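Let me begin by presenting the structure, written as structure tokens, before commenting on it.
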Amino acid sequence: MSVAAHSFIVGSQPTVQYPLTGVRADVMMAAHVASEVAVKLMQPGNTNSQVTQAISKVAEAYGVFTVAGVLSHKLKRFVIDGNKAIAMCDDAEHKVETHTFELNEAYAVDIVMSSGDGRLKEAEARATIFKRAVDKSYRLKMRASRYLFNEVNARFPALPFTLRSFNDERQARMGIVECLKHELLQAYPVLYAKQGDYVVQFKFTVLILPSGPTRITGVTCDLDGVQSEKTVNAEVNVILAQSTKKKKRRPRKKPNVSPLCGSRLQ
């Protein structure tokens, strides 16, 4: 299982001759550089706190903010939000336990930067994506709610889903209210930034392999037309200069031994 998300510039695309500049370039570069730094630090033996601190330094260098509440989770089979997580920033409201990266782990790395204060809020738009809360149980009263819940358990026991996926969408919309009320399902809310703020998100899957951390999803970001006047400090540059791939050891050549033909050792 793997995930991915990407940000696009709407309208005319920037070029080297007509580049994207100003705060929009700053937030775009911050998200991109933070993505590169996160991957390079996801080595066996390093901690999630090291990644969080490095991402915060990148945001500070470009004069933008990390979005509060965004977590990067460890992936498992049928589990999209494992117990191990990486926080975008040191936020008292969204504390995560410090842990060490281990070999053969997989993570959904979610980098979200904002030119505003980093606080996104829910608005009037209704949520359309939900996920089963496996640790909750309740005896539902409404027929429509029971229909929805049974379908979820049969078809989407662990992964997110949308109400459009059900044959009887009308019944599903009727039943979602009671399921949410009793916390049997979790909604993925639509979040909004303040008017005039810019938000950039890059989300991708990273495998921690013996050869080094490897990004297996995500779109290659072309930043030739993005020009920011700001840059990261020397500490972050050292991280960016690190190689994510380990050099393979060449097998030692066996010495050439001439066979003793027709001779006898005494």
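Please note that chains go A, B, ... in the order of the structure tokens, that every chain numbers its residues from 1, and that ligands are numbered from 1 in the order shown.
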May I have the residues within 8 Å of region 37-48 of chain A as a PyMOL selection string, using only C-alpha atoms and disregarding those fewer than 5 positions away in the same chain? chain A and resi 54-55+85-87+98-103+206+208+212-215+236+239-240+242-244
Those selected residues, please, written with C-alpha atoms and delivered as a PDB file, in the first residue's frame.
ATOM      1  CA  ALA A  54      14.951  19.825  10.207  1.00  0.00           C
ATOM      2  CA  ILE A  55      11.564  20.557   8.572  1.00  0.00           C
ATOM      3  CA  ALA A  85       4.388   9.130  13.280  1.00  0.00           C
ATOM      4  CA  ILE A  86       6.437  12.177  12.279  1.00  0.00           C
ATOM      5  CA  ALA A  87       5.085  15.619  13.221  1.00  0.00           C
ATOM      6  CA  THR A  98       9.901   9.889  19.817  1.00  0.00           C
ATOM      7  CA  HIS A  99      10.876   6.725  17.973  1.00  0.00           C
ATOM      8  CA  THR A 100      13.764   5.378  15.924  1.00  0.00           C
ATOM      9  CA  PHE A 101      13.509   4.460  12.255  1.00  0.00           C
ATOM     10  CA  GLU A 102      14.086   0.791  11.528  1.00  0.00           C
ATOM     11  CA  LEU A 103      15.071  -1.143   8.452  1.00  0.00           C
ATOM     12  CA  VAL A 206       9.219   6.149   1.512  1.00  0.00           C
ATOM     13  CA  ILE A 208      13.658   2.337   4.389  1.00  0.00           C
ATOM     14  CA  GLY A 212      18.939   3.586   1.766  1.00  0.00           C
ATOM     15  CA  PRO A 213      15.579   5.413   2.001  1.00  0.00           C
ATOM     16  CA  THR A 214      13.723   5.198  -1.316  1.00  0.00           C
ATOM     17  CA  ARG A 215      10.797   7.326  -2.480  1.00  0.00           C
ATOM     18  CA  VAL A 236      20.354  22.054   6.258  1.00  0.00           C
ATOM     19  CA  ILE A 239      21.760  17.238   5.172  1.00  0.00           C
ATOM     20  CA  LEU A 240      20.897  17.912   1.526  1.00  0.00           C
ATOM     21  CA  GLN A 242      24.065  13.512   2.067  1.00  0.00           C
ATOM     22  CA  SER A 243      23.574  10.550  -0.236  1.00  0.00           C
ATOM     23  CA  THR A 244      20.511   8.384   0.359  1.00  0.00           C
TER      24      THR A 244
END
Region 87-179 of chain A: which residues are alpha helix (DSSP H) by DSSP, as a PyMOL selection string? chain A and resi 143-155+169-179
Nearest to Glu93 (chain A) among A:Gly69, A:Arg139, A:Asp110, A:Lys121, with distances taken over only C-alpha atoms: which residue is it?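 Using only C-alpha atoms, the shortest distance to Glu93 (chain A) belongs to A:Gly69.
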Tell me, which residues of region 135-255 of chain A carry DSSP strand (DSSP E), written as JSON, numbers by chain? {"A": [161, 162, 185, 186, 187, 191, 192, 199, 200, 201, 202, 203, 204, 205, 206, 207, 208, 209, 212, 213, 214, 215]}
List the spatial neighbours of Ser114 (chain A) as a ChimeraX atom specification - criterion: any atom at most 9 Å away, only C-alpha atoms, same-chain residues fewer than 2 positions off excluded. /A:27,31,64-67,112,116-119,193,197-201
Distance criterion (only C-alpha atoms): nearest to Ala30 (chain A) out of A:Val238, A:Val226, A:Leu120, A:Leu75: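 So, comparing all the options, the nearest one is A:Val226.
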For the atom pair CA of Asn153 (chain A) and CA of Ser137 (chain A), what is the interatomic distance in Å to one decimal place? 11.9 Å
